[in-house]
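Engineer: Contents of my_file.txt (compact mmCIF, C-alpha atoms and all ligand atoms) are below:
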# COMPACT_ATOMS: atom_id res chain seq x y z
CA MET A 24 87.84 101.79 70.37
CA PRO A 25 86.35 105.33 70.49
CA LYS A 26 83.48 105.84 68.07
CA ASN A 27 84.15 108.41 65.40
CA PRO A 28 81.35 108.72 62.85
CA SER A 29 83.11 111.41 60.82
CA PRO A 30 86.86 110.87 60.64
CA THR A 31 89.09 113.74 59.53
CA LEU A 32 90.82 112.68 56.33
CA PRO A 33 93.34 111.59 55.34
CA LEU A 34 93.78 108.34 57.22
CA PHE A 35 97.00 106.71 58.38
CA VAL A 36 97.77 103.08 59.11
CA GLY A 37 100.05 102.23 62.01
CA VAL A 38 101.77 98.83 62.12
CA ASP A 39 103.54 97.84 65.35
CA VAL A 40 105.59 94.66 64.90
CA GLY A 41 106.51 92.96 68.16
CA GLY A 42 108.09 89.63 68.99
CA THR A 43 104.65 88.20 69.88
CA ASN A 44 102.04 90.16 67.94
CA ILE A 45 101.66 92.51 65.01
CA LYS A 46 99.28 95.31 65.96
CA ILE A 47 97.56 97.27 63.23
CA GLY A 48 95.43 100.35 63.65
CA ILE A 49 93.79 102.99 61.49
CA VAL A 50 93.85 106.55 62.77
CA ASP A 51 92.58 109.75 61.25
CA ASP A 52 94.36 113.06 60.75
CA ARG A 53 93.70 114.11 64.36
CA GLY A 54 94.94 110.84 65.82
CA GLU A 55 91.46 109.43 66.50
CA ARG A 56 91.66 105.65 66.70
CA LEU A 57 89.15 104.24 64.20
CA ALA A 58 89.96 100.53 63.99
CA TYR A 59 92.42 98.09 65.50
CA THR A 60 93.39 94.44 65.43
CA LYS A 61 96.36 92.20 66.14
CA PHE A 62 97.61 88.79 65.06
CA PRO A 63 100.58 86.58 66.00
CA THR A 64 103.93 87.58 64.50
CA GLN A 65 105.22 84.05 63.77
CA ALA A 66 108.68 85.33 64.59
CA ASP A 67 110.37 82.00 63.83
CA GLN A 68 108.97 81.85 60.29
CA SER A 69 109.65 83.95 57.24
CA PRO A 70 108.42 87.54 57.54
CA GLU A 71 106.89 87.36 54.05
CA LYS A 72 104.11 85.17 55.46
CA SER A 73 103.16 87.74 58.08
CA LEU A 74 103.43 90.58 55.56
CA ASP A 75 101.07 88.72 53.22
CA ARG A 76 98.47 88.91 55.98
CA ILE A 77 98.78 92.64 56.53
CA LYS A 78 97.05 93.87 53.34
CA PRO A 79 93.86 91.80 53.79
CA VAL A 80 93.80 92.71 57.48
CA VAL A 81 94.07 96.43 56.72
CA GLN A 82 91.38 96.10 54.03
CA GLU A 83 89.10 94.29 56.48
CA LEU A 84 89.64 96.93 59.17
CA LEU A 85 88.78 99.67 56.65
CA ASP A 86 85.71 97.81 55.35
CA ASP A 87 84.39 97.13 58.86
CA ALA A 88 84.75 100.80 59.78
CA GLY A 89 83.21 102.01 56.49
CA LEU A 90 86.51 103.53 55.34
CA LYS A 91 88.38 103.39 52.02
CA MET A 92 91.96 102.39 51.15
CA GLU A 93 92.20 105.41 48.83
CA ASP A 94 91.80 107.69 51.88
CA VAL A 95 94.91 106.16 53.48
CA ALA A 96 97.74 108.63 52.82
CA ALA A 97 100.62 106.74 54.37
CA VAL A 98 101.67 103.93 56.65
CA GLY A 99 103.88 104.01 59.74
CA LEU A 100 105.87 100.94 60.76
CA GLY A 101 107.52 100.34 64.12
CA THR A 102 109.75 97.32 64.80
CA PRO A 103 112.06 96.24 67.59
CA GLY A 104 115.75 97.06 67.12
CA PRO A 105 118.44 96.67 66.19
CA MET A 106 117.55 98.12 62.84
CA ASP A 107 118.89 100.29 60.03
CA ILE A 108 116.27 103.01 59.62
CA GLY A 109 117.90 104.64 56.58
CA ARG A 110 117.97 101.40 54.63
CA GLY A 111 114.62 100.16 55.96
CA LEU A 112 116.12 97.00 57.44
CA ILE A 113 115.14 95.06 60.51
CA LEU A 114 118.52 93.62 61.62
CA THR A 115 118.72 91.07 64.45
CA PRO A 116 115.71 91.56 66.74
CA PHE A 117 115.77 89.47 69.90
CA ASN A 118 113.28 86.57 69.78
CA MET A 119 112.58 86.99 66.05
CA PRO A 120 115.09 84.56 64.48
CA GLY A 121 113.29 84.25 61.15
CA TRP A 122 113.26 88.01 60.53
CA HIS A 123 116.97 88.86 60.55
CA ASN A 124 118.23 91.37 57.94
CA PHE A 125 114.83 91.69 56.33
CA PRO A 126 114.04 94.79 54.19
CA ILE A 127 110.74 95.26 55.97
CA ARG A 128 110.02 98.90 55.07
CA ASP A 129 110.11 98.37 51.31
CA ALA A 130 108.32 95.01 51.54
CA LEU A 131 105.45 96.65 53.43
CA ALA A 132 105.37 99.61 51.02
CA LYS A 133 105.08 97.16 48.12
CA ALA A 134 102.42 95.07 49.86
CA LEU A 135 100.19 98.07 50.64
CA ASP A 136 101.25 100.30 47.73
CA LYS A 137 101.64 103.22 50.16
CA PRO A 138 104.65 105.20 51.42
CA VAL A 139 105.97 103.70 54.66
CA THR A 140 107.70 105.58 57.48
CA PHE A 141 109.98 103.29 59.46
CA ALA A 142 110.80 103.70 63.16
CA ASN A 143 112.07 101.92 66.23
CA ASP A 144 109.01 100.64 68.14
CA ALA A 145 109.91 102.51 71.34
CA ASN A 146 110.45 105.76 69.44
CA ALA A 147 107.09 105.19 67.73
CA ALA A 148 105.43 104.71 71.14
CA ALA A 149 107.04 107.97 72.28
CA PHE A 150 105.61 109.70 69.22
CA GLY A 151 102.16 108.31 70.05
CA GLU A 152 102.25 109.80 73.55
CA TYR A 153 103.63 113.05 72.08
CA TRP A 154 100.86 113.28 69.48
CA ILE A 155 97.70 112.37 71.39
CA GLY A 156 98.75 110.98 74.80
CA SER A 157 100.34 112.33 77.98
CA GLY A 158 102.77 114.47 75.99
CA ARG A 159 100.27 116.17 73.70
CA GLN A 160 100.63 119.59 75.37
CA TYR A 161 104.43 119.55 75.02
CA CYS A 162 106.84 120.34 72.18
CA SER A 163 109.52 118.07 73.64
CA MET A 164 109.29 114.96 75.77
CA VAL A 165 111.07 111.77 76.72
CA LEU A 166 109.18 108.49 77.05
CA ILE A 167 110.69 105.79 79.23
CA THR A 168 108.99 102.39 78.97
CA LEU A 169 109.39 99.89 81.78
CA GLY A 170 108.67 96.35 80.67
CA THR A 171 110.77 93.23 80.25
CA GLY A 172 113.46 95.76 79.27
CA VAL A 173 113.69 99.53 79.50
CA GLY A 174 113.01 101.36 76.27
CA GLY A 175 112.37 104.91 75.36
CA GLY A 176 112.04 107.65 72.85
CA ILE A 177 112.94 111.31 72.65
CA ILE A 178 110.73 113.59 70.58
CA ILE A 179 111.64 117.23 69.98
CA ASP A 180 109.42 119.43 67.78
CA ASP A 181 107.86 116.49 65.90
CA VAL A 182 111.23 114.81 65.34
CA SER A 183 112.23 111.51 66.91
CA VAL A 184 115.88 111.35 68.00
CA ASP A 185 116.86 108.24 66.02
CA GLY A 186 120.61 108.96 65.93
CA ALA A 187 123.14 108.55 63.14
CA HIS A 188 123.09 104.73 63.43
CA SER A 189 119.41 104.12 64.30
CA HIS A 190 120.29 103.71 67.99
CA GLY A 191 119.32 107.08 69.40
CA SER A 192 117.07 107.22 72.46
CA GLU A 193 118.39 103.91 73.87
CA ILE A 194 117.45 105.05 77.34
CA GLY A 195 117.68 101.59 78.90
CA HIS A 196 121.42 101.62 78.33
CA ILE A 197 122.27 104.85 80.14
CA CYS A 198 124.95 103.98 82.70
CA ILE A 199 123.73 104.67 86.25
CA ASP A 200 126.32 102.61 88.15
CA THR A 201 130.02 102.44 87.35
CA GLY A 202 130.94 100.37 90.41
CA LEU A 203 132.75 97.04 90.07
CA ASP A 204 129.69 95.26 91.48
CA ALA A 205 127.25 96.95 89.07
CA LEU A 206 124.51 94.69 87.71
CA VAL A 207 124.99 93.31 84.21
CA CYS A 208 122.52 94.44 81.54
CA PRO A 209 121.01 91.98 79.03
CA CYS A 210 123.08 93.85 76.39
CA GLY A 211 126.20 92.50 78.13
CA LYS A 212 127.48 95.80 79.59
CA SER A 213 127.42 96.70 83.28
CA GLY A 214 125.53 99.32 85.22
CA HIS A 215 122.86 100.14 82.65
CA LEU A 216 119.44 101.40 83.75
CA GLU A 217 117.72 98.35 82.23
CA ALA A 218 119.63 96.04 84.59
CA TYR A 219 118.00 97.84 87.55
CA ALA A 220 114.62 99.24 86.53
CA SER A 221 113.20 96.73 84.04
CA ALA A 222 110.80 94.00 85.23
CA THR A 223 113.70 91.57 84.85
CA GLY A 224 116.02 93.85 86.82
CA ILE A 225 113.46 94.28 89.59
CA VAL A 226 113.06 90.49 89.88
CA ASN A 227 116.83 90.00 89.99
CA ARG A 228 117.17 92.64 92.71
CA ALA A 229 114.25 91.10 94.61
CA LYS A 230 115.87 87.65 94.51
CA GLU A 231 119.09 89.04 95.92
CA ALA A 232 117.32 91.09 98.60
CA LEU A 233 115.14 88.16 99.72
CA ARG A 234 118.26 86.27 100.84
CA ALA A 235 118.72 88.84 103.59
CA HIS A 236 114.99 89.27 104.26
CA PRO A 237 113.38 85.87 104.86
CA GLU A 238 110.53 87.64 106.72
CA SER A 239 109.17 89.15 103.47
CA SER A 240 105.68 88.02 102.46
CA MET A 241 107.03 87.59 98.92
CA LEU A 242 108.83 84.42 99.99
CA ASP A 243 105.53 82.97 101.30
CA ARG A 244 103.74 83.83 98.08
CA ASN A 245 106.60 82.32 96.12
CA ALA A 246 106.40 79.14 98.21
CA GLU A 247 102.66 78.98 97.47
CA GLY A 248 103.45 78.84 93.78
CA SER A 249 103.35 82.48 92.64
CA PRO A 250 106.39 83.29 90.53
CA LEU A 251 108.49 86.19 91.70
CA SER A 252 107.68 89.04 89.31
CA ALA A 253 107.58 92.82 89.13
CA LEU A 254 103.80 92.52 89.57
CA MET A 255 104.29 90.49 92.76
CA VAL A 256 106.66 93.17 94.06
CA SER A 257 104.04 95.79 93.23
CA GLU A 258 101.18 93.88 94.90
CA SER A 259 103.30 93.09 97.97
CA ALA A 260 104.31 96.75 98.28
CA GLU A 261 100.65 97.74 97.98
CA ALA A 262 99.93 95.33 100.87
CA GLY A 263 102.64 96.96 102.98
CA ASP A 264 105.53 94.49 102.64
CA GLU A 265 108.62 96.41 103.79
CA LEU A 266 111.07 94.80 101.39
CA ALA A 267 108.74 95.24 98.41
CA LEU A 268 108.29 98.93 99.32
CA GLN A 269 112.05 99.28 99.49
CA LEU A 270 112.41 97.66 96.04
CA VAL A 271 109.87 100.10 94.59
CA SER A 272 111.60 103.12 96.10
CA GLU A 273 114.99 101.88 94.88
CA THR A 274 113.55 101.42 91.38
CA ALA A 275 112.38 105.05 91.57
CA MET A 276 115.87 106.11 92.68
CA TYR A 277 117.53 104.36 89.71
CA LEU A 278 115.07 105.92 87.28
CA GLY A 279 115.67 109.30 88.90
CA ARG A 280 119.38 108.90 88.19
CA GLY A 281 118.71 108.13 84.53
CA ILE A 282 116.28 111.02 84.24
CA ALA A 283 118.75 113.44 85.82
CA GLN A 284 121.25 112.65 83.05
CA LEU A 285 118.63 112.99 80.33
CA ALA A 286 117.36 116.25 81.85
CA HIS A 287 120.80 117.82 81.57
CA VAL A 288 121.30 116.57 78.00
CA VAL A 289 117.84 117.01 76.47
CA ASP A 290 116.04 119.39 78.88
CA PRO A 291 112.62 118.20 77.69
CA GLU A 292 109.35 119.71 78.89
CA ALA A 293 108.34 116.38 80.42
CA PHE A 294 109.29 112.79 81.12
CA ILE A 295 106.58 110.19 80.63
CA LEU A 296 106.63 106.66 81.99
CA GLY A 297 105.03 103.89 79.95
CA GLY A 298 105.12 100.10 79.93
CA ALA A 299 103.61 97.43 82.14
CA VAL A 300 105.66 98.25 85.25
CA ASP A 301 103.85 101.24 86.78
CA PHE A 302 103.29 100.12 90.39
CA GLY A 303 99.58 100.83 90.05
CA GLY A 304 99.92 104.06 88.06
CA ALA A 305 98.52 107.46 88.92
CA ASP A 306 95.35 106.02 90.50
CA THR A 307 97.16 104.43 93.43
CA ALA A 308 99.13 105.82 96.37
CA LEU A 309 101.97 103.43 95.51
CA GLY A 310 102.11 104.65 91.89
CA ARG A 311 102.12 108.28 92.99
CA SER A 312 104.83 107.67 95.58
CA PHE A 313 106.85 105.93 92.82
CA LEU A 314 106.64 109.12 90.73
CA ASP A 315 107.51 111.25 93.78
CA GLY A 316 110.56 109.06 94.43
CA ILE A 317 111.74 109.41 90.84
CA LEU A 318 111.29 113.16 90.95
CA ALA A 319 113.06 113.53 94.32
CA GLU A 320 116.16 111.65 93.14
CA ALA A 321 116.21 113.42 89.75
CA LYS A 322 115.91 116.82 91.48
CA ARG A 323 118.66 115.91 93.92
CA LEU A 324 121.03 115.35 91.00
CA THR A 325 120.13 118.23 88.70
CA PHE A 326 121.00 121.88 88.93
CA PRO A 327 118.33 124.37 90.06
CA VAL A 328 116.56 125.52 86.88
CA VAL A 329 116.41 121.98 85.48
CA ALA A 330 115.27 120.59 88.84
CA GLU A 331 112.50 123.17 89.27
CA GLU A 332 111.04 122.43 85.85
CA LEU A 333 111.19 118.61 86.01
CA LYS A 334 107.90 116.88 85.29
CA VAL A 335 107.30 113.12 85.39
CA SER A 336 103.93 111.52 84.66
CA PHE A 337 102.47 108.23 83.47
CA ALA A 338 101.69 107.48 79.82
CA GLN A 339 98.07 107.27 78.62
CA LEU A 340 97.90 105.16 75.48
CA GLU A 341 99.04 101.83 76.92
CA SER A 342 99.54 99.25 74.17
CA ASP A 343 98.03 101.55 71.50
CA ALA A 344 101.03 103.92 71.70
CA GLY A 345 103.17 101.99 69.18
CA TYR A 346 100.76 101.83 66.24
CA VAL A 347 99.31 105.29 66.94
CA GLY A 348 102.81 106.76 67.05
CA ALA A 349 103.91 104.95 63.90
CA ALA A 350 100.84 106.37 62.15
CA GLY A 351 101.64 109.81 63.59
CA MET A 352 105.19 109.64 62.25
CA ALA A 353 103.82 108.68 58.83
CA ARG A 354 101.49 111.68 59.05
CA THR A 355 104.37 114.03 59.88
CA GLU A 356 106.35 112.74 56.86
CA PHE A 357 103.26 113.02 54.67
CA MET A 358 102.67 116.63 55.73
CA LYS A 359 106.33 117.47 55.07
CA SER A 360 106.22 115.99 51.57
CA ALA A 361 102.86 117.64 50.86
CA SER A 362 104.22 121.07 51.76
CA ALA A 363 107.56 120.58 49.92
ZN ZN B 1 122.54 97.68 78.36
So that I can check it, write out the structure of this file as structure tokens.
Ligand SMILES: [Zn+2]

Structural biologist:
Amino acid sequence: MPKNPSPTLPLFVGVDVGGTNIKIGIVDDRGERLAYTKFPTQADQSPEKSLDRIKPVVQELLDDAGLKMEDVAAVGLGTPGPMDIGRGLILTPFNMPGWHNFPIRDALAKALDKPVTFANDANAAAFGEYWIGSGRQYCSMVLITLGTGVGGGIIIDDVSVDGAHSHGSEIGHICIDTGLDALVCPCGKSGHLEAYASATGIVNRAKEALRAHPESSMLDRNAEGSPLSALMVSESAEAGDELALQLVSETAMYLGRGIAQLAHVVDPEAFILGGAVDFGGADTALGRSFLDGILAEAKRLTFPVVAEELKVSFAQLESDAGYVGAAGMARTEFMKSASA
């Protein structure tokens, strides 16, 4: 956590609810991260229990950092979808059976006695990168997160594209393959980006490809007890395994196809890639060639002006993006209401 002896007031609390952990951070008016903690979500139990923990946790974070609750102007809350943003409801999040149809926004506002801005967790992460991360120099950007699934967020001039039904920016479900043999997405539909470029999609494609490539070192590693994973594909590609390299470049191609569609629809200043699947990121030759592959395919499919201006880079905030972005969204709402 960066040291900041003199925070710029007011403060904002960001709460990032995930299926495994609830992450809570305090940031100041410039987005400086002042304090952070996380605790298990207890997704199979009633959400009231977890919410009861949030107030003392926030108070403790403030106390430890020498900060005061009265300096907190607002709270930002990000949760997994599906959700109803207008009504402040978390609907039926995957892996959180105890939390269905819970009015989480108002419950948190009551618990902390602060206004709460409610967002999809991926859109909040996009806002975090937009505010103080890789997108800070841009007025418009698209974040694509590659993890177990593919998520994303679109931010244009401080506004997150949430859509009329709280399902805007569902980048993982862009259709990139309309063929009869297209892979099936976890959402049940065929040909979606998530079925190809998520960690799960990469593993499924690797399994299929290994049938025709018994020479791949990934089979040996698998036989030695390492589970086939996106990380194994990444490490094997780094070590020069031909099939793994092919899987990485195909992943780049699929992402390039998704980005080409988004580029023609949104025309953002930049695309930013977040999430655990980064093939080593910008510090490795593999990570850089992954970006080059994405860009090459996206440029191949876009018309000249769009192609020339395409930018793709890696995210910077890692797992902080969600709570920082939620706090940033709360700050934007606060500033709007203060100037109204
Ligand atoms: Zn889908």

Engineer: Quick one: pull the distance between atom CA of Gly195 of chain A and atom CA of Ala145 of chain A, Å, one decimal.

Structural biologist: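 These two atoms are separated by 10.9 Å.
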
Engineer: Provide the atom CA of Ser157 of chain A to atom CA of Val300 of chain A distance in Å, to one decimal place.

Structural biologist: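 These atoms are spaced 16.7 Å apart.
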
Engineer: To check your reading of the model: which residues sit at most 6 Å from ligand ZN 1 (chain B) when counting all atoms listed in the file? Write the answer as an mmCIF file with C-alpha atoms, in the frame of the given file.

Structural biologist:
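Listing of selection-v4.cif after writing:
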data_model
loop_
_atom_site.group_PDB
_atom_site.id
_atom_site.type_symbol
_atom_site.label_atom_id
_atom_site.label_comp_id
_atom_site.auth_asym_id
_atom_site.auth_seq_id
_atom_site.Cartn_x
_atom_site.Cartn_y
_atom_site.Cartn_z
ATOM 1 C CA HIS A 196 121.420 101.620 78.330
ATOM 2 C CA CYS A 208 122.520 94.440 81.540
ATOM 3 C CA PRO A 209 121.010 91.980 79.030
ATOM 4 C CA CYS A 210 123.080 93.850 76.390
ATOM 5 C CA LYS A 212 127.480 95.800 79.590
ATOM 6 C CA HIS A 215 122.860 100.140 82.650
#

Engineer: Separation of atom CA of Val329 of chain A and atom CA of Ala187 of chain A, in Å?

Structural biologist: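 Going from atom CA of Val329 of chain A over to atom CA of Ala187 of chain A, I get 26.9 Å.
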
Engineer: Select, from A:Glu320, A:Asp87, A:Asp306, A:Asp67, the residue with the minimum atom-to-atom distance to Trp122 of chain A, counting all atoms listed in the file.

Structural biologist: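 Smallest distance to Trp122 of chain A is found for A:Asp67.
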
Engineer: With distances taken over all atoms listed in the file, which of A:Ser259, A:Thr355, A:Thr307, A:Ser360 is nearest to Trp154 of chain A?

Structural biologist: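 Closest to Trp154 of chain A of all the choices is A:Thr355.
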
Engineer: Closest to Leu34 of chain A among A:His123, A:Arg128, A:His287, A:Lys137, using all atoms listed in the file?

Structural biologist: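 Among the listed residues, the smallest separation from Leu34 of chain A belongs to A:Lys137.
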
Engineer: Smallest atom-to-atom distance to Gly310 of chain A: which of A:Ile179, A:Val173, A:Ile77, A:Leu268, using all atoms listed in the file?

Structural biologist: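 Checking each candidate against Gly310 of chain A, we get A:Leu268 as the closest.
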
Engineer: A:Pro291, A:Gly89, A:Gly37, A:Gly191: which is nearest Cys162 of chain A, counting only C-alpha atoms?

Structural biologist: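 Selected residue with least distance to Cys162 of chain A: A:Pro291.
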
Engineer: Hey, which of A:Tyr161, A:Phe326, A:Tyr219, A:Phe141 ends up closest to Leu100 of chain A? Count only C-alpha atoms.

Structural biologist: A:Phe141

Engineer: Could you list, as a VMD selection string, every residue within 12 Å of Gly316 of chain A, counting only C-alpha atoms and ignoring same-chain residues fewer than 5 positions away?

Structural biologist: chain A and resid 268 to 280 282 309 to 311 321 to 323 335

Engineer: Do a neighbour search on Met92 of chain A at 10 Å with all atoms listed in the file, toss out local chain neighbours closer than 4 positions, and write the hits as a list in words.

Structural biologist: Leu34, Phe35, Val36, Val81, Gln82, Leu84, Leu85, Asp86, Ala96, Leu135 and Lys137 of chain A

Engineer: Around the point (108.8, 109.9, 70.2) (coordinates from the file), which residues reach within 10 Å if we count only C-alpha atoms? Answer as a PyMOL selection string.

Structural biologist: chain A and resi 142-154+158+163-166+175-185+192+344-345+348-349+351-352

Engineer: Around (105.4, 83.5, 59.6) in the file's own coordinates, what residues are found within 12 Å if you use all atoms listed in the file, given back as a list in words?

Structural biologist: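 Within the cut-off we find Gly42, Thr43, Asn44, Ile45, Phe62, Pro63, Thr64, Gln65, Ala66, Asp67, Gln68, Ser69, Pro70, Glu71, Lys72, Ser73, Leu74, Asp75, Arg76, Ile77, Met119, Pro120, Gly121 and Trp122 of chain A.
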
Engineer: Since the input has fewer atoms than a full residue there, write segment 30-55 of chain A out with N, CA and C atoms, as a short mmCIF file (atom, residue, chain, number, x, y, z; two decimals), in the frame of the given file.

Structural biologist:
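The new file result-v1.cif reads:
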data_model
loop_
_atom_site.label_atom_id
_atom_site.label_comp_id
_atom_site.auth_asym_id
_atom_site.auth_seq_id
_atom_site.Cartn_x
_atom_site.Cartn_y
_atom_site.Cartn_z
N PRO A 30 85.42 110.70 60.51
CA PRO A 30 86.86 110.87 60.64
C PRO A 30 87.36 112.05 59.80
N THR A 31 88.45 112.65 60.28
CA THR A 31 89.09 113.74 59.53
C THR A 31 90.13 113.13 58.60
N LEU A 32 89.90 113.27 57.31
CA LEU A 32 90.82 112.68 56.33
C LEU A 32 92.06 113.55 56.18
N PRO A 33 93.21 113.00 55.73
CA PRO A 33 93.34 111.59 55.34
C PRO A 33 93.54 110.66 56.54
N LEU A 34 93.57 109.37 56.20
CA LEU A 34 93.78 108.34 57.22
C LEU A 34 95.23 107.87 57.18
N PHE A 35 95.65 107.29 58.29
CA PHE A 35 97.00 106.71 58.38
C PHE A 35 96.91 105.35 59.03
N VAL A 36 97.71 104.43 58.53
CA VAL A 36 97.77 103.08 59.11
C VAL A 36 99.03 102.98 59.96
N GLY A 37 98.89 102.48 61.16
CA GLY A 37 100.05 102.23 62.01
C GLY A 37 100.24 100.73 62.19
N VAL A 38 101.46 100.26 61.97
CA VAL A 38 101.77 98.83 62.12
C VAL A 38 102.88 98.71 63.17
N ASP A 39 102.59 98.00 64.24
CA ASP A 39 103.54 97.84 65.35
C ASP A 39 103.93 96.36 65.43
N VAL A 40 105.13 96.06 64.92
CA VAL A 40 105.59 94.66 64.90
C VAL A 40 106.32 94.36 66.20
N GLY A 41 105.82 93.38 66.94
CA GLY A 41 106.51 92.96 68.16
C GLY A 41 106.92 91.51 68.04
N GLY A 42 107.66 91.02 69.01
CA GLY A 42 108.09 89.63 68.99
C GLY A 42 106.93 88.65 69.09
N THR A 43 105.81 89.09 69.69
CA THR A 43 104.65 88.20 69.88
C THR A 43 103.53 88.51 68.90
N ASN A 44 103.17 89.78 68.79
CA ASN A 44 102.04 90.16 67.94
C ASN A 44 102.39 91.30 66.98
N ILE A 45 101.65 91.34 65.88
CA ILE A 45 101.66 92.51 65.01
C ILE A 45 100.35 93.25 65.27
N LYS A 46 100.46 94.50 65.69
CA LYS A 46 99.28 95.31 65.96
C LYS A 46 99.09 96.29 64.82
N ILE A 47 97.85 96.38 64.35
CA ILE A 47 97.56 97.27 63.23
C ILE A 47 96.37 98.15 63.59
N GLY A 48 96.53 99.44 63.37
CA GLY A 48 95.43 100.35 63.65
C GLY A 48 95.29 101.38 62.56
N ILE A 49 94.06 101.89 62.43
CA ILE A 49 93.79 102.99 61.49
C ILE A 49 93.48 104.22 62.33
N VAL A 50 94.17 105.31 62.06
CA VAL A 50 93.85 106.55 62.77
C VAL A 50 93.58 107.64 61.74
N ASP A 51 92.84 108.65 62.19
CA ASP A 51 92.58 109.75 61.25
C ASP A 51 93.60 110.86 61.45
N ASP A 52 93.37 111.97 60.77
CA ASP A 52 94.36 113.06 60.75
C ASP A 52 94.54 113.72 62.12
N ARG A 53 93.56 113.53 63.01
CA ARG A 53 93.70 114.11 64.36
C ARG A 53 94.18 113.09 65.38
N GLY A 54 94.47 111.88 64.90
CA GLY A 54 94.94 110.84 65.82
C GLY A 54 93.81 110.04 66.45
N GLU A 55 92.58 110.24 65.98
CA GLU A 55 91.46 109.43 66.50
C GLU A 55 91.66 107.99 66.06
#
